[in-house]
Amino acid sequence: MSYTLRGRIESRLAALLPVLLGCCVLAAALRHWWPVELCVLMAAVGVVLDVQVWHRIFPYQAAWAILPLGLVELGLVLAIVYGAGLHAPLGPALFLFGVGWLVSFLLGQAGYPLLRLSYAEDGGELGRAGAVAAAGVLLVLIGSAATWYVRRPPVVYLAAGVHQGPIVIRRREVLQGSPGAVVKGGIVVAHDDVHIRDVTVLGGRNGIDVENVRGTVLDGVTVQGAKLDGIHVRSAGIVIRNCTIDMLGNKIGQGIDISFNMDMGMSMVEGCTIVGGMQGITTHSSMTDIIGNRVSRTTGQAISVAEMSMGMAMDNEVRDALGVGLNCDDQSMCMFEHNTVIGTRPDTASGDPSRRGVAVLASFYSEASLWQNRLVANPVAASAITSSMFRWSKDTGW
Amino acid sequence: MAGVAVVGSGLAGFTAYQTLRRGLEPGEIVVFGPDADPAAAWRVRAAAIRQRAMRSESDGHCRASTFPGLAFQGVLRRRSLRPLIETVSDRYHPTVEEFLDHVERTRERSGWNESLVSRRIERVQAVDGGFELDGERFDHVLLAPGHPALNVPDKLRDDPRTVHSYEPHEYASTVTVVGAGLAAATEWLNALEAGAEVVSVRRHEPARRPLNVPREYFSRRGLAAFHRLPARERIERLRVLTAPSYPSGEEWDGPLERASRAGRFRVESSLNGSVQVICATGFVRGWRHDHLLARLVADHDLATEGDWIVVDPDSTVPGLSDGTRTLALAGAPGQWAFPAADTLAGARYAGHCFLKRIKACRTR
């Protein structure tokens, strides 16, 4: 097929239309935007490549070329998806792309020639149908954008000053704290898709309690003086970014505890600073990525991936932990990469030999993969006990 | 009374007819021509050069749309997916037998016989709102007269050793093949296979390409620029594009290299003393050699450029086509609009454009 530029674009957009509609239906069913974002990205990458690359280098394109071209486009789409943090799950994203690719191939080889007799001679141009398809794609995109706009959660601004809690959030909303906004007595998230930004929480049984909801985002929150956990997550999907949690003096609580949310997909803790508490960040039966956090002066373990959890701890800095720095426990599968663990202290008072100042501990049928961690001034660098094992990288370091 | 006529019952007319059938019933179309079998002339030529496979690919068929191509038919016939796999990389070439079978089945299904009138048209005369074909009136006419005659160089015409490649023939012990296109290449291999010593006489080295013209000239991508060319450049471009060529590949080069090493194949610039001279020189070209077209040009003072009648990009004759009537050229005479007009894809192109004009006609 010898496409004209217009033919390339019309053929692509017309093939994308049913996929885009499918993405909208999927987005509505899943109550996530990533299918639409992915489709828009597929269209954008495809059209840009059509205009800038494919049209210039392919005066004629054999049918087989759709395979390598599709792989290039897939690579670019995935790079942008993960580079821009769109959080589209890989499997469904690949499936959607594959469906789009297949629809495009079948329409190009069979559908369009049957619908428009002169399709090949017209260089892939679809005449009025092409314009209608392009308009259709544009309408769906505008409709999606409008839907996104009107469905944005309302923003509730929390004024500076102390607000008596606990605050219970029972609707989809963004709670935006003004500088100096403080909630005393904790916050309870009781609805899906709640975002809390730039709020300081003082006291409370748990500083922020998130249970049985989806789509929670905590960004820039500060928690101090919680009686139990700083951020307590149960059966909920959550993203926590840039938080500060002060647990000093709390001997039984955890800075962040994310548990029993394996069925909620990936959660994330990123860029937080946690001081004190029994465990700084802990997960149980969870798939959580723990990235770029600073945890110090904990009395149990600084970062613990436990109870059949699967997760990655990467680029974290752990200092002055008592007993254990990084912990992979109870049939969990952990990946510890590029972490720094400094000055873990032996917990002699406990009499527990597994807590003699271990930077990385794997215990009770767990498996930890280690890659390029910096373990400095720890009595024991790494220890695997009770039928656990480490997988070592070929590179130097832990 | 039928308002649409196709003049010519060969493959070009037949392919255009298949497109017309997408919008018209057999009773609304009249096809004038000498043969009920649209492949009658082509069949003889293909047999003469012992052609086994088509140069065209899966979409080299007579149907109105490129899909389904002959590769699908090949899958059923050969009970193998290989044709489909080959067609994805443009490597599937249907056999002559498969192509002829396709023509026959398409003929049976399409109502061709119902539309066919076994008569040669001698004259096309424009009249108010239409055309008269030997006195019979039609609104829309597509001329697909085919090639006027076989081309034999003047100095060989009376040479008793000479036979045209498209005429039935056997091979002598020494054979000179004049020409450099696909028919010539086929004849080199045929004669070598028959045990002959072969001399290729040609003025230029043949181009090596898979199809008659570069692929972009089969679509608007190449055609748009072609249609913008001034007349003189367009003539030059047509001469380049329609110069002799045949596909590259081991199946062509291997036997020739082996024969060259064995001293059985060589290239020369002039005739020698071979026992047999085969003229693989195609057909005479140009409207002047076709009685019907020459008369049409003379009667209506049509614009011409070199060997070609000037037609619009949609293969219609300007001045004789308007909102009420259409005169279009298909096959080799339509090259001014579509350089590969003498292929099946070219006939399909003319058919598509013709049908669009008919559908847009305000009197229908």
# chains A, B, ... in the order shown; residues from 1 in each chain; ligands from 1
>>> select_by_dssp(residues="range 140-299 of chain B", states="strand (DSSP E or B)", output="number ranges by chain")
B: 140-143, 150, 162-164, 174-178, 197-201, 207-208, 245-246, 265-268, 276-279, 283
>>> interface_residues(of="chain B", to="chain A", cutoff="6 Å", atoms="only C-alpha atoms", output="count of residues only")
8
>>> atom_distance(atom1="CA of Gly357 in chain A", atom2="CA of Asn293 in chain A")
20.3 Å
>>> residues_around(residues="Ile290 in chain A", least_positions_apart="2", cutoff="8 Å", atoms="only C-alpha atoms", output="mmCIF file with N, CA and C atoms, in the first residue's frame")
data_model
loop_
_atom_site.group_PDB
_atom_site.id
_atom_site.type_symbol
_atom_site.label_atom_id
_atom_site.label_comp_id
_atom_site.auth_asym_id
_atom_site.auth_seq_id
_atom_site.Cartn_x
_atom_site.Cartn_y
_atom_site.Cartn_z
ATOM 1 N N MET A 268 1.603 2.683 46.505
ATOM 2 C CA MET A 268 2.930 3.298 46.443
ATOM 3 C C MET A 268 3.149 4.233 47.625
ATOM 4 N N VAL A 269 4.377 4.185 48.152
ATOM 5 C CA VAL A 269 4.806 5.166 49.149
ATOM 6 C C VAL A 269 6.080 5.786 48.603
ATOM 7 N N GLU A 270 6.067 7.089 48.397
ATOM 8 C CA GLU A 270 7.191 7.705 47.704
ATOM 9 C C GLU A 270 7.536 9.049 48.337
ATOM 10 N N THR A 288 3.059 -3.238 47.228
ATOM 11 C CA THR A 288 3.342 -1.810 47.394
ATOM 12 C C THR A 288 4.793 -1.525 47.015
ATOM 13 N N GLY A 292 12.232 5.908 47.498
ATOM 14 C CA GLY A 292 12.780 7.239 47.783
ATOM 15 C C GLY A 292 12.362 7.828 49.121
ATOM 16 N N ASN A 293 12.198 6.999 50.128
ATOM 17 C CA ASN A 293 11.801 7.493 51.449
ATOM 18 C C ASN A 293 13.012 7.566 52.386
ATOM 19 N N GLY A 311 6.784 -6.780 46.793
ATOM 20 C CA GLY A 311 7.014 -5.361 46.593
ATOM 21 C C GLY A 311 8.466 -5.016 46.421
ATOM 22 N N MET A 312 8.657 -3.787 45.999
ATOM 23 C CA MET A 312 10.000 -3.291 45.763
ATOM 24 C C MET A 312 10.275 -2.129 46.707
ATOM 25 N N ALA A 313 11.446 -2.168 47.341
ATOM 26 C CA ALA A 313 11.910 -1.017 48.113
ATOM 27 C C ALA A 313 13.153 -0.506 47.409
ATOM 28 N N MET A 314 13.091 0.731 46.944
ATOM 29 C CA MET A 314 14.168 1.222 46.081
ATOM 30 C C MET A 314 14.521 2.661 46.455
ATOM 31 N N ASN A 316 15.651 4.021 49.012
ATOM 32 C CA ASN A 316 15.302 4.512 50.350
ATOM 33 C C ASN A 316 16.573 4.720 51.172
#
>>> atom_distance(atom1="CA of Val217 in chain A", atom2="CA of Gly230 in chain A")
15.1 Å
>>> closest_atom_pairs(of="range 23-64 of chain B", to="range 225-247 of chain B", cutoff="12 Å", atoms="only C-alpha atoms", output="CSV")
residue,atom,partner,partner_atom,distance
B:Met54,CA,B:Pro247,CA,11.3
B:Arg55,CA,B:Pro247,CA,8.0
B:Ser56,CA,B:Pro247,CA,10.5
>>> atom_distance(atom1="CA of Leu320 in chain B", atom2="CA of Leu143 in chain B")
12.8 Å
>>> select_by_dssp(residues="range 82-150 of chain B", states="helix (DSSP H, G or I)", output="PDB file with C-alpha atoms, in the first residue's frame")
ATOM      1  CA  ARG B  82       1.373 -20.264   2.574  1.00  0.00           C
ATOM      2  CA  PRO B  83      -0.355 -17.939   0.057  1.00  0.00           C
ATOM      3  CA  LEU B  84      -1.554 -15.726   2.901  1.00  0.00           C
ATOM      4  CA  ILE B  85       1.879 -15.631   4.505  1.00  0.00           C
ATOM      5  CA  GLU B  86       3.489 -14.861   1.156  1.00  0.00           C
ATOM      6  CA  THR B  87       1.013 -12.136   0.329  1.00  0.00           C
ATOM      7  CA  VAL B  88       1.857 -10.272   3.549  1.00  0.00           C
ATOM      8  CA  VAL B  96      -1.899 -18.665 -14.450  1.00  0.00           C
ATOM      9  CA  GLU B  97      -4.257 -21.558 -13.842  1.00  0.00           C
ATOM     10  CA  GLU B  98      -5.544 -19.946 -10.633  1.00  0.00           C
ATOM     11  CA  PHE B  99      -6.023 -16.647 -12.387  1.00  0.00           C
ATOM     12  CA  LEU B 100      -7.924 -18.151 -15.295  1.00  0.00           C
ATOM     13  CA  ASP B 101     -10.072 -20.112 -12.884  1.00  0.00           C
ATOM     14  CA  HIS B 102     -10.841 -16.856 -11.076  1.00  0.00           C
ATOM     15  CA  VAL B 103     -11.801 -15.171 -14.345  1.00  0.00           C
ATOM     16  CA  GLU B 104     -14.100 -18.004 -15.279  1.00  0.00           C
ATOM     17  CA  ARG B 105     -15.847 -18.108 -11.923  1.00  0.00           C
ATOM     18  CA  THR B 106     -16.206 -14.338 -11.825  1.00  0.00           C
ATOM     19  CA  ARG B 107     -17.670 -14.389 -15.306  1.00  0.00           C
ATOM     20  CA  GLU B 108     -20.279 -16.950 -14.319  1.00  0.00           C
ATOM     21  CA  ARG B 109     -21.332 -15.035 -11.231  1.00  0.00           C
ATOM     22  CA  SER B 110     -21.366 -11.527 -12.595  1.00  0.00           C
ATOM     23  CA  TRP B 112     -21.281 -10.968 -17.991  1.00  0.00           C
ATOM     24  CA  ASN B 113     -22.895 -13.175 -20.591  1.00  0.00           C
ATOM     25  CA  GLU B 114     -26.197 -11.358 -20.112  1.00  0.00           C
ATOM     26  CA  SER B 115     -24.557  -8.021 -20.844  1.00  0.00           C
TER      27      SER B 115
END
>>> residues_around(residues="Leu322 in chain A", least_positions_apart="4", cutoff="12 Å", atoms="only C-alpha atoms", output="number ranges by chain")
A: 251, 276-280, 295-303, 318, 326, 341-350, 354-359, 378-379
>>> write_last_selection(atoms="N, CA and C atoms", output="tab-separated table (two decimals), in the first residue's frame")
chain	number	residue	atom	x	y	z
A	251	LYS	N	5.85	3.64	70.83
A	251	LYS	CA	6.57	2.37	70.83
A	251	LYS	C	5.82	1.26	70.11
A	276	GLY	N	10.99	7.60	63.92
A	276	GLY	CA	10.46	6.91	65.08
A	276	GLY	C	9.40	5.88	64.74
A	277	GLY	N	8.77	5.35	65.80
A	277	GLY	CA	7.77	4.30	65.64
A	277	GLY	C	8.40	2.93	65.66
A	278	MET	N	7.55	1.91	65.82
A	278	MET	CA	8.10	0.56	65.83
A	278	MET	C	8.61	0.19	64.42
A	279	GLN	N	7.74	0.35	63.44
A	279	GLN	CA	8.14	0.15	62.04
A	279	GLN	C	7.88	1.46	61.29
A	280	GLY	N	8.82	1.82	60.46
A	280	GLY	CA	8.62	3.06	59.71
A	280	GLY	C	7.57	2.88	58.63
A	295	VAL	N	13.83	6.94	56.37
A	295	VAL	CA	13.26	6.37	57.59
A	295	VAL	C	14.38	6.29	58.64
A	296	SER	N	14.09	6.75	59.84
A	296	SER	CA	15.15	6.73	60.86
A	296	SER	C	14.58	6.50	62.26
A	297	ARG	N	15.44	5.99	63.12
A	297	ARG	CA	15.20	5.86	64.56
A	297	ARG	C	13.97	5.00	64.87
A	298	THR	N	13.76	3.97	64.10
A	298	THR	CA	12.67	3.04	64.39
A	298	THR	C	13.13	2.03	65.43
A	299	THR	N	12.16	1.41	66.13
A	299	THR	CA	12.53	0.48	67.20
A	299	THR	C	12.29	-0.98	66.81
A	300	GLY	N	11.59	-1.23	65.70
A	300	GLY	CA	11.35	-2.61	65.26
A	300	GLY	C	12.12	-2.88	63.97
A	301	GLN	N	11.57	-2.47	62.86
A	301	GLN	CA	12.25	-2.51	61.56
A	301	GLN	C	11.96	-1.18	60.86
A	302	ALA	N	12.90	-0.73	60.10
A	302	ALA	CA	12.67	0.56	59.42
A	302	ALA	C	11.67	0.38	58.29
A	303	ILE	N	11.93	-0.58	57.41
A	303	ILE	CA	11.00	-0.89	56.30
A	303	ILE	C	10.77	-2.38	56.31
A	318	VAL	N	17.82	4.52	55.09
A	318	VAL	CA	17.46	4.09	56.44
A	318	VAL	C	18.63	4.39	57.38
A	326	LEU	N	16.14	-3.17	56.71
A	326	LEU	CA	15.16	-3.65	55.73
A	326	LEU	C	14.77	-5.07	56.09
A	341	VAL	N	21.48	1.80	53.87
A	341	VAL	CA	21.17	1.48	55.27
A	341	VAL	C	22.42	1.78	56.10
A	342	ILE	N	22.27	2.70	57.01
A	342	ILE	CA	23.44	3.16	57.77
A	342	ILE	C	23.16	3.06	59.27
A	343	GLY	N	24.11	2.48	59.95
A	343	GLY	CA	24.13	2.56	61.41
A	343	GLY	C	23.00	1.85	62.11
A	344	THR	N	22.63	0.70	61.64
A	344	THR	CA	21.62	-0.09	62.35
A	344	THR	C	22.22	-0.55	63.68
A	345	ARG	N	21.44	-0.40	64.76
A	345	ARG	CA	21.98	-0.72	66.10
A	345	ARG	C	21.48	-2.08	66.56
A	346	PRO	N	22.32	-2.84	67.28
A	346	PRO	CA	21.86	-4.13	67.82
A	346	PRO	C	20.84	-3.91	68.94
A	347	ASP	N	19.80	-4.76	68.91
A	347	ASP	CA	18.77	-4.68	69.95
A	347	ASP	C	19.09	-5.72	71.02
A	348	THR	N	20.03	-5.43	71.81
A	348	THR	CA	20.51	-6.42	72.80
A	348	THR	C	19.45	-6.69	73.85
A	349	ALA	N	18.64	-5.70	74.12
A	349	ALA	CA	17.62	-5.88	75.16
A	349	ALA	C	16.61	-6.95	74.78
A	350	SER	N	16.38	-7.14	73.50
A	350	SER	CA	15.36	-8.11	73.08
A	350	SER	C	15.85	-9.54	73.25
A	354	SER	N	18.23	-12.47	65.86
A	354	SER	CA	17.97	-11.92	64.52
A	354	SER	C	17.92	-10.40	64.53
A	355	ARG	N	18.04	-9.80	65.70
A	355	ARG	CA	17.95	-8.34	65.79
A	355	ARG	C	19.28	-7.73	66.27
A	356	ARG	N	20.35	-8.33	65.83
A	356	ARG	CA	21.64	-7.87	66.34
A	356	ARG	C	22.24	-6.77	65.44
A	357	GLY	N	21.38	-5.93	64.91
A	357	GLY	CA	21.84	-4.84	64.05
A	357	GLY	C	22.00	-5.28	62.61
A	358	VAL	N	20.94	-5.88	62.05
A	358	VAL	CA	20.98	-6.45	60.70
A	358	VAL	C	20.48	-5.40	59.69
A	359	ALA	N	21.27	-5.11	58.69
A	359	ALA	CA	20.84	-4.12	57.68
A	359	ALA	C	19.70	-4.67	56.83
A	378	ASN	N	26.82	-1.27	59.74
A	378	ASN	CA	25.83	-2.14	60.37
A	378	ASN	C	26.57	-3.36	60.94
A	379	PRO	N	26.23	-3.79	62.16
A	379	PRO	CA	26.92	-4.98	62.71
A	379	PRO	C	26.79	-6.19	61.80
>>> residues_around(residues="range 347-362 of chain B", least_positions_apart="2", cutoff="6 Å", atoms="only C-alpha atoms", output="VMD selection string")
chain B and resid 12 15 to 16 19 to 20 314 to 315 323 to 324 330 to 331 344 to 345 364
>>> residues_around(residues="Leu271 in chain B", least_positions_apart="6", cutoff="12 Å", atoms="only C-alpha atoms", output="PyMOL selection string")
chain B and resi 155-156+159+161-162+174-179+198-203+277-279
